[in-house]
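Here is the structure we will look at, set down as structure tokens.
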Amino acid sequence: MAFHHYVLVCGGTGCVSSKADDLFGELAKALDQEGIRDDVQLVKTGCFGFCEQGPIVKVLPEESFYVGVKPADAAEIVSEHIVKGRQVDRLLYKEEDSKVHAKVDDISFYQKQFRIVLRNCGFIDPENIDEYIARDGYLALERALTGGMTPDDIIEELKESGLRGRGGAGFPTWQKWGFSKAVEADQKYVVCNADEGDPGAYMDRSVLEGDPHSIIEAMAIAGYTCGADTGFVYCRAEYPLAIHRLEVAIKQATEAGLLGDNILGTDFSFTIEIRLGAGAFVCGEETALLASIEGKRGMPIPRPPFPAVKGLWEKPTVINNVETLANIPVIISRGGEWFAKVGTEKSRGTKVFALTGKIKNSGLVEVPMGTTLRDIIYNIGGGIPDGRAFKAVQTGGPSGGVITADYLDTPIDYEHLQELGSIMGSGGMIVMDEDDCMLDVAKFYLEFTVEESCGKCAPCRVGGRKLYNILDRMAKGTAEEEDFGRIEDIGQAMKRASLCGLGQTAPNPVLSVIKYFPEEIGAHVKEGRCPAGVCKGLIQYYIDPEKCIGCTLCARRCPVNVIAGERKEVHVIDQNGCIKCGECFDACKFGAVIRR
Amino acid sequence: MKEVNCTINGVTVTVPQGTSILQAAKTVNVNIPILCYHPDLPAWAACGICVVKIENSPKMVRACATAAGEGMAYITHDAELHQVRKTVIELILSTHPNSCLTCPRNQNCELQRLAADFGIREMPFEMNVPEIEADKSTPSIVLDPEKCVKCGRCVAVCQGMQDVWALEFIGRGDETRMAPAGDIALNDSPCIKCGQCSAHCPVGAIYEHDHTRAVLEGLRDENRVSVAQVAPAVRVAIGEEFGYEPGDIQTGKLYAALRRLGFDVVFDTNWAADLTIMEEGSEFVRRFVHGEGEIPLITTCCPSWVDYMEKYYHELIPNFSTAKSPQMMLASMAKTYYAQKIGKGPCDIFMTSVMPCTSKKYEIARGDDMYSSGCQDIDYSITTRELARMIKSAGIDFRNLPDEEVDEALGIYTGAGTIFGASGGVMEAALRTAYHLVTGKELEKVDFEAVRGMEGVKESVIDVEGTEVRVAVAHQMGNAKRVVDAVMEAKRKGEDPPWHFIEIMACRGGCIAGGGQPYGATDEVRLKRIAGIYRDDVQSTYRCSHHNPQIKAIYDEFLGEPLSEKSHKYLHTHYTPRPIYSK
């Protein structure tokens with residue numbers, strides 16, 4: 001029986017935390033009450049990507065895009081839209097400066113995107129294997145196993161596609177698979193690195209939540225290609241929804257004969273197990289990840305030998321990141337040649353970014369490699385909110401650097417970002433505006449890497465802490481000129497002598513803000529001033545007696561009660577007790593609270 | 001074997017495939033600076049000091065952990081490398097207490113040496129030294145985490161070489177430190193007190209409990225006769241502290257130095273090793289020939305092995321030789337037999353043992369049997385390193401001391417006694433005497449070369465007048481597992497044991513590289529010390545324990561015969577299962 005409506009509810013972690021589950025329940029209830037449950041296909045999908053607007057409900061065939069939907073809105077959507085055919089205008093997404101309700105395809109957030117990795121996210125029920133199969137799922141595996149593709153054919157296809165690792169380093173995937181295939185061994189493994197840990201990044205989580213079967217299919221293809229019969233997904237325990245959906249998907253795939261013994265009647269067998277990470281960023285580094293799977297403390301070891309040759313339990317192991325794997329089924333089913341047409345010469349395909357920070361349309365975006373930062377930030381992201389000015393964008397998370405307005409037209413690919421002192425990284429993209437202090441930004445990332453250093457190698461363990469301490473002194477106005485020399489020395493030592501990528505890249509945020517914002521950083525050191533007014537050690541709030549009318553609002557907002565003054569009298573902030581939270585500054589309607 | 005050709009600073013080098021850049025550089029006389037690397041251990045690649053450059057590449061790689069590659073060109077020093085290494089050293093120094101003058105490793109510290117070599121004159125970085133209390137819970141070693149440089153050697157030694165797993169990394173980031181798992185006290189952990197962590201620590205973060213002051217105080221007591229005993233392995237290593245080569249035999253100077261320090265009587269643990277052979281050899285004959293007791297017989301001279309067995313393999317207690325270690329035998333004989341001889345009571349003797357070992361400090365109070373004379377048989381056990389410090393602080397000119405003789409009563413020893421210091425020595429000494437005890441004949445050739453050397457597990461079959469005696473020797477605790485597991489397996493299956501007699505020593509190479517020996521033991525040093533041990537054997541007047549006139553004398557005058565009631569009272573001990581974690 002055909003459905004007359006499809007109601008797709010975003011079931012990504014972002015929307016779920018905004019009560020999308022309750023909303024889903026209410027929609028089901030409303031459909032039941034209207035007695036049309038069987039006529040309407042209600043689906044909880046993976047992430048739609050437009051997280052700024054969540055929770056999101058999409059209704060087909062009208063392509064109505066309802067945003068910010070609350071559980072209480074469910075009845076209205078059902079009774080008005082589904083039953084009476086009248087869209088609920090107040091919930092429909094409108095482009096800025098437009099009164100027109102945009103259809104999904106016309107929304108500018110989506111228009112410049114090109115979805116390969118996220119092809120199924122937001123379209124299918126990730127907990128229903130049939131929906132994945134209906135969108136050509138497992139076709140690639142079938143083609144590989146029964147369509148006469150040899151492992152060499154697959155590697156050739158990958159080579160033609162030009163796919164490079166999406167975890168950050170950009171190593172050609174076909175080479176990695178080839179190394180592993182070439183090694184003679186009684187046992188080999190495939191590992192999916194789902195230990196996504198960059199602050200603000202959630203690309204991998206969304207793929208696992210929205211399209212887990214694509215990862216399973218890719219891992220099975222990797223197993224067939226390299227000669228492995230066992231796969232592990234190493235996923236951080238903080239992703240319970242992703243883990244649950246992956247578990248469901250593994251179970252369904254096993255029941256469908258797409259995992260397990262003699263897949264599709266061939267003599268290829270492959271199983272997948274999930275291993276949970278305990279929240280250590282360094283376990284995203286492949287050798288530390290493998291140690292963790294083995295039950296050891298997650299600490300990197302020197303390479304070579306590379307895991308493809310000697311990995312898990314010393315056996316050849318192919319490790320790919322989630323996003324890399326999500327590309328594989330498409331490459332196999334549509335061909336490497338097709339894939340290679342997307343992107344730039346050296347960086348083929350697309351890249352998913354988690355666009356966050358001071359940006360109107362925060363969310364998950366997938367664009368062809370070579371798209372400019374300007375396109376992402378302004379055309380997809382909608383620019384900076386509240387009329388503030390763009391200052392910088394950080395790519396590559398704590399391993400990357402800041403990119404300034406001068407470089408917004410840089411096409412995004414591995415090489416260009418590296419030239420700018422940043423890296424592609426796994427896809428975190430955090431936008432900063434004029435209110436952000438670049439020193440504070442660098443300090444934030446460094447605090448993260450100091451915290452997440454495994455402690456094994458001296459340059460990272462000690463160097464990171466020292467760098468942080470210097471930035472902390474700068475933020476308090478107690479740094480000295482010589483500290484710039486120290487940053488240079490430590491930065492070089494960390495980049496050159498740290499054992500793994502975490503330590504080698506940890507100085508990047510600091511070095512890049514010193515390079516691109518020398519005046520702002522210099523103001524902290526030479527003048528004891530934070531131009532953006534962020535560094536608490538360098539700012540003071542006081543009340544301009546000329547402007548204060550004694551409304552008492554600031555005193556009532558002050559969390560530490562250090563603002564004194566009677567009604568209709570000028571108020572005064574006791575500097576000794578002020579914690580510089582800025583509540584008074586934000587509260588004052590008369591511009592009487594001054595920050596300097 | 002396949003070889004690779006590369007260049008080091010432009011000089012062509014050909015080395016076997018798999019050779020590290022570090023080793024390859026040595027062949028052209030370049031010693032790349034290192035801190036965490038130790039030749040006993042797999043490269044852990046933590047410190048980042050041994051980085052080198054690859055020509056035309058921006059990358060630096062660790063020389064310790066990177067194999068030299070075919071056609072590669074390596075640069076091991078230039079201004080940039082110097083700066084990076086220096087910064088790394090400065091970073092490490094900024095987390096390390098500036099207390100060299102009061103550190104047990106003063107003048108013998110690998111970090112101090114690096115700081116000196118790099119001419120570090122001022123600290124560019126603020127100091128962040130963690131404040132963590134030292135763990136003094138075991139009687140043998142002290143963990144001082146404040147001094148730790150996180151090189152990871154102790155963990156690799158404890159887990160990898162020794163298979164003990166007492167030490168682990170805990171915490172992360174700059175709070176990482178080495179401690180027993182779960183951050184419990186070392187004495188509550190599986191620690192076997194072997195002290196190999198202290199022998200491998202590049203700095204003063206792990207060291208022996210110092211008993212030198214207590215010994216000096218004891219020497220002041222005029223009412224007690226102060227007696228020293230020196231273990232076999234000490235004589236071939238202590239010279240290193242005074243500029244001699246490893247393996248140089250310093251027995252005469254040792255005796256002289258001990259007397260200069262104030263010891264009234266100087267005995268030699270080698271004599272007691274001969275006594276041990278009489279007891280243990282007889283025990284073997286009783287078990288093997290007469291079927292009284294379990295086979296295989298397993299040696300128990302090594303207190304760390306005893307501790308390990310009591311924790312991990314206490315099912316093997318019936319297989320353990322009940323004979324005490326030579327140190328304990330000498331002590332009980334000194335406080336009974338010798339005391340009587342000179343008209344003193346047991347407690348009138350002040351007994352100090354000089355051992356290559358940190359575990360001997362534990363052994364002296366291991367159980368009630370260690371008080372067999374009526375008071376504690378050994379008052380203090382000090383390591384070779386402690387004795388060297390005592391000699392130096394007393395201003396004794398060791399190099400110019402005359403060679404002196406031992407006090408004969410418990411001092412005359414045979415070559416069989418001295419080889420206790422090397423892995424396989426106890427076995428070889430026992431075989432020399434057991435052959436005699438079984439057959440009543442003397443061996444024509446007393447050397448059993450199959451049980452000597454650095455192989456982790458050594459096996460041999462000895463023909464005793466048509467009867468095969470299968471023996472195995474293991475050293476370095478991690479190698480013992482292979483042997484004892486095979487024994488356990490046979491036991492479980494009710495099969496014949498794979499061996500009849502087994503010797504196990506906790507430390508690699510045996511006591512010559514014990515946890516209390518002079519720092520810097522590598523296989524090169526071990527082999528030299530071992531060579532010294534066997535030179536001492538060959539030079540000896542007697543080569544078999546049962547030929548020792550002073551051994552014959554003590555049986556005639558005091559003990560009666562091996563395994564007599566008196567022997568059991570003074571020379572034998574008991575074992576008890578112990579939990580791996582006591583808390």
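Ordering of the structure tokens sets the chain letters (A, B, ...), residue numbers begin anew at 1 in every chain, and ligands are numbered from 1 in the order given.
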### Task
Compute the set of chain B residues within 8 Å of chain A, using only C-alpha atoms, and express it as an NGL selection string.
:B and (44-49 or 51 or 59-62 or 65-66 or 83-85 or 87-88 or 91-92 or 95 or 124-126 or 150-151 or 172-176)
#### Entry: For Tyr66 in chain A: contacts at 12 Å, only C-alpha atoms, fewer than 5 positions along chain excluded, given as a PyMOL selection string
chain A and resi 7-10+48+50+53-60+73-74+76-77+81+87-94+101-104
### Query
What's the 6 Å shell around range 150-164 of chain A, counting only C-alpha atoms, without same-chain residues fewer than 4 positions away, as a ChimeraX atom specification?
/A:170-174,225,336-337,339-340,348
Export C-alpha atoms of the chosen residues as a compact mmCIF listing (two decimals), in the first residue's frame?
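result17.txt, written as the output of this step:
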# COMPACT_ATOMS: atom_id res chain seq x y z
CA GLY A 170 44.75 12.45 3.72
CA PHE A 171 46.65 9.26 2.97
CA PRO A 172 45.46 7.62 -0.27
CA THR A 173 43.02 4.93 0.71
CA TRP A 174 43.89 2.58 -2.17
CA THR A 225 39.79 -6.69 -0.54
CA GLY A 336 35.91 5.66 -9.31
CA GLU A 337 35.74 7.73 -12.44
CA PHE A 339 33.79 10.04 -7.91
CA ALA A 340 36.97 11.56 -9.29
CA ARG A 348 38.80 14.21 -4.93
### Message
If I take CA of Gly195 in chain B and CA of Glu240 in chain B, how far is one from the other in Å, to one decimal?
### Response
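Taking CA of Gly195 in chain B as the start and CA of Glu240 in chain B as the end point, the length is 18.9 Å.
Using only C-alpha atoms, the contacts of Gly231 in chain A at a cut-off of 6 Å, with sequence neighbours closer than 2 positions omitted, comprise Tyr189, Val190, Val191 and Ile272 of chain A.
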Please, could you write that set of residues out with N, CA and C atoms as a CSV table (one decimal), in the first residue's frame?
chain,number,residue,atom,x,y,z
A,189,TYR,N,42.8,-7.7,9.9
A,189,TYR,CA,41.7,-7.0,10.5
A,189,TYR,C,41.4,-5.7,9.7
A,190,VAL,N,40.1,-5.3,9.9
A,190,VAL,CA,39.6,-4.0,9.4
A,190,VAL,C,39.1,-3.2,10.6
A,191,VAL,N,39.6,-2.0,10.7
A,191,VAL,CA,39.1,-1.2,11.9
A,191,VAL,C,38.5,0.1,11.4
A,272,ILE,N,31.7,-8.1,12.5
A,272,ILE,CA,32.1,-6.8,13.0
A,272,ILE,C,31.8,-6.8,14.5
### Task
Tell me which protein, DNA and RNA residues are within 9 Å of range 474-479 of chain B, counting only C-alpha atoms, leaving out same-chain ones fewer than 3 positions away, and put them as a PyMOL selection string.
chain B and resi 158-164+304-305+308+423-424+454-459+482-483+502-510
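Atom to atom, CA of Gly515 in chain B and CA of Ala199 in chain B stand 5.3 Å apart.
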### Message
Can you pull out the residues contacting His96 in chain B? Cut-off 7 Å, using only C-alpha atoms, and skip same-chain residues under 5 positions away; I want them as a PyMOL selection string.
### Response
chain B and resi 129+146-147
Residues as selected, C-alpha atoms, written as a compact mmCIF listing (two decimals), in the first residue's frame, can you do that?
# COMPACT_ATOMS: atom_id res chain seq x y z
CA VAL B 129 57.79 19.73 39.61
CA GLU B 146 59.01 13.56 41.66
CA LYS B 147 62.24 12.70 39.91
#### Entry: One-decimal distance in Å that lies between CA of Gly387 in chain A and CA of Phe65 in chain A
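Answer for the CA of Phe65 in chain A to CA of Gly387 in chain A separation: 26.0 Å.
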### alpha helix (DSSP H) per DSSP on the backbone: members of range 437-544 of chain B, as a PyMOL selection string
chain B and resi 437-439+477-493+523-539
Output of the above residues as a PDB file, in the first residue's frame, restricted to C-alpha atoms:
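out-v2.pdb, freshly written:
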ATOM      1  CA  LEU B 437      77.238 -37.695  45.731  1.00  0.00           C
ATOM      2  CA  VAL B 438      75.470 -40.108  43.364  1.00  0.00           C
ATOM      3  CA  THR B 439      78.450 -41.986  42.002  1.00  0.00           C
ATOM      4  CA  MET B 477      62.013 -13.340  35.423  1.00  0.00           C
ATOM      5  CA  GLY B 478      60.009 -13.159  32.196  1.00  0.00           C
ATOM      6  CA  ASN B 479      61.896 -16.208  30.895  1.00  0.00           C
ATOM      7  CA  ALA B 480      61.047 -18.304  33.947  1.00  0.00           C
ATOM      8  CA  LYS B 481      57.428 -18.532  32.870  1.00  0.00           C
ATOM      9  CA  ARG B 482      58.296 -20.757  29.923  1.00  0.00           C
ATOM     10  CA  VAL B 483      60.018 -23.225  32.189  1.00  0.00           C
ATOM     11  CA  VAL B 484      57.593 -23.287  35.089  1.00  0.00           C
ATOM     12  CA  ASP B 485      54.556 -23.388  32.820  1.00  0.00           C
ATOM     13  CA  ALA B 486      55.955 -26.519  31.192  1.00  0.00           C
ATOM     14  CA  VAL B 487      56.463 -28.048  34.622  1.00  0.00           C
ATOM     15  CA  MET B 488      52.921 -27.138  35.677  1.00  0.00           C
ATOM     16  CA  GLU B 489      51.528 -28.560  32.461  1.00  0.00           C
ATOM     17  CA  ALA B 490      53.306 -31.873  32.988  1.00  0.00           C
ATOM     18  CA  LYS B 491      52.102 -31.905  36.589  1.00  0.00           C
ATOM     19  CA  ARG B 492      48.521 -31.359  35.506  1.00  0.00           C
ATOM     20  CA  LYS B 493      48.708 -34.122  32.960  1.00  0.00           C
ATOM     21  CA  ASP B 523      74.616  -7.280  27.761  1.00  0.00           C
ATOM     22  CA  GLU B 524      78.111  -6.115  26.905  1.00  0.00           C
ATOM     23  CA  VAL B 525      78.788  -5.375  30.568  1.00  0.00           C
ATOM     24  CA  ARG B 526      77.047  -8.544  31.693  1.00  0.00           C
ATOM     25  CA  LEU B 527      79.238 -10.708  29.484  1.00  0.00           C
ATOM     26  CA  LYS B 528      82.364  -9.103  30.906  1.00  0.00           C
ATOM     27  CA  ARG B 529      81.220  -9.648  34.472  1.00  0.00           C
ATOM     28  CA  ILE B 530      80.317 -13.253  33.645  1.00  0.00           C
ATOM     29  CA  ALA B 531      83.746 -13.773  32.128  1.00  0.00           C
ATOM     30  CA  GLY B 532      85.215 -12.480  35.397  1.00  0.00           C
ATOM     31  CA  ILE B 533      83.156 -14.975  37.359  1.00  0.00           C
ATOM     32  CA  TYR B 534      84.409 -17.925  35.316  1.00  0.00           C
ATOM     33  CA  ARG B 535      87.992 -16.651  35.515  1.00  0.00           C
ATOM     34  CA  ASP B 536      87.644 -16.678  39.298  1.00  0.00           C
ATOM     35  CA  ASP B 537      86.339 -20.254  39.030  1.00  0.00           C
ATOM     36  CA  VAL B 538      89.286 -21.449  36.978  1.00  0.00           C
ATOM     37  CA  GLN B 539      91.760 -19.667  39.236  1.00  0.00           C
TER      38      GLN B 539
END
### Message
Considering only C-alpha atoms, can you say which of B:Leu316, B:Leu330, B:Val426, B:Cys36 comes closest to Ile89 in chain B?
### Response
B:Cys36
### Query
Which neighbours of range 349-357 of chain B fall inside 6 Å, counting only C-alpha atoms, when residues of the same chain fewer than 3 positions from it are skipped, and could you give them as a list in words?
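Counting only the stated atoms, we get Arg224, Val225, Ser226, Val227, Ala228, Gln229, Val230, Ala231, Val234, Pro346, Lys360, Ile378, Asp379, Tyr380, Ser381, Ile382, Thr383, Thr384, Gly514, Gly515, Gly516 and Gln517 of chain B.
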Quick one: write out the picked residues with C-alpha atoms as a PDB file, in the first residue's frame?
ATOM      1  CA  ARG B 224      79.439  -6.650  69.003  1.00  0.00           C
ATOM      2  CA  VAL B 225      81.760  -8.384  66.615  1.00  0.00           C
ATOM      3  CA  SER B 226      81.124  -6.908  63.201  1.00  0.00           C
ATOM      4  CA  VAL B 227      81.124  -9.415  60.411  1.00  0.00           C
ATOM      5  CA  ALA B 228      80.809  -8.777  56.680  1.00  0.00           C
ATOM      6  CA  GLN B 229      80.082 -11.186  53.910  1.00  0.00           C
ATOM      7  CA  VAL B 230      80.497 -10.501  50.211  1.00  0.00           C
ATOM      8  CA  ALA B 231      78.402 -12.134  47.513  1.00  0.00           C
ATOM      9  CA  VAL B 234      80.077  -8.151  43.904  1.00  0.00           C
ATOM     10  CA  PRO B 346      74.421 -15.023  68.382  1.00  0.00           C
ATOM     11  CA  LYS B 360      68.294  -9.441  49.679  1.00  0.00           C
ATOM     12  CA  ILE B 378      71.506 -10.626  59.073  1.00  0.00           C
ATOM     13  CA  ASP B 379      71.362  -7.189  60.567  1.00  0.00           C
ATOM     14  CA  TYR B 380      71.705  -5.287  57.301  1.00  0.00           C
ATOM     15  CA  SER B 381      72.074  -6.135  53.673  1.00  0.00           C
ATOM     16  CA  ILE B 382      73.631  -3.476  51.481  1.00  0.00           C
ATOM     17  CA  THR B 383      74.079  -3.368  47.742  1.00  0.00           C
ATOM     18  CA  THR B 384      77.311  -3.139  45.815  1.00  0.00           C
ATOM     19  CA  GLY B 514      71.423  -7.722  39.964  1.00  0.00           C
ATOM     20  CA  GLY B 515      69.328  -4.723  40.866  1.00  0.00           C
ATOM     21  CA  GLY B 516      71.950  -3.495  43.315  1.00  0.00           C
ATOM     22  CA  GLN B 517      74.993  -3.602  41.051  1.00  0.00           C
TER      23      GLN B 517
END
### Message
Considering only strand (DSSP E) as DSSP defines it on the backbone, what residues of range 76-272 of chain B qualify? List them as a PyMOL selection string.
### Response
chain B and resi 141-143+167-170+177-180+206-208+225-230+265-268
Expected file: the selected residues, C-alpha atoms, as a PDB file, in the first residue's frame:
ATOM      1  CA  ILE B 141      63.521   0.031  46.830  1.00  0.00           C
ATOM      2  CA  VAL B 142      62.149   3.542  46.954  1.00  0.00           C
ATOM      3  CA  LEU B 143      59.989   5.049  44.225  1.00  0.00           C
ATOM      4  CA  LEU B 167      54.533  -0.933  37.656  1.00  0.00           C
ATOM      5  CA  GLU B 168      52.207   0.770  35.209  1.00  0.00           C
ATOM      6  CA  PHE B 169      51.615   4.205  33.746  1.00  0.00           C
ATOM      7  CA  ILE B 170      48.826   5.982  35.522  1.00  0.00           C
ATOM      8  CA  ARG B 177      53.465   8.845  36.270  1.00  0.00           C
ATOM      9  CA  MET B 178      54.724   5.371  36.898  1.00  0.00           C
ATOM     10  CA  ALA B 179      53.172   3.633  39.882  1.00  0.00           C
ATOM     11  CA  PRO B 180      51.722   0.272  40.818  1.00  0.00           C
ATOM     12  CA  ILE B 206      63.979   4.531  41.772  1.00  0.00           C
ATOM     13  CA  TYR B 207      66.766   3.535  44.110  1.00  0.00           C
ATOM     14  CA  GLU B 208      67.632   1.103  46.875  1.00  0.00           C
ATOM     15  CA  VAL B 225      81.760  -8.384  66.615  1.00  0.00           C
ATOM     16  CA  SER B 226      81.124  -6.908  63.201  1.00  0.00           C
ATOM     17  CA  VAL B 227      81.124  -9.415  60.411  1.00  0.00           C
ATOM     18  CA  ALA B 228      80.809  -8.777  56.680  1.00  0.00           C
ATOM     19  CA  GLN B 229      80.082 -11.186  53.910  1.00  0.00           C
ATOM     20  CA  VAL B 230      80.497 -10.501  50.211  1.00  0.00           C
ATOM     21  CA  VAL B 265      85.773 -10.193  60.415  1.00  0.00           C
ATOM     22  CA  VAL B 266      85.329 -10.582  56.671  1.00  0.00           C
ATOM     23  CA  PHE B 267      83.691 -13.740  55.378  1.00  0.00           C
ATOM     24  CA  ASP B 268      82.757 -14.671  51.869  1.00  0.00           C
TER      25      ASP B 268
END
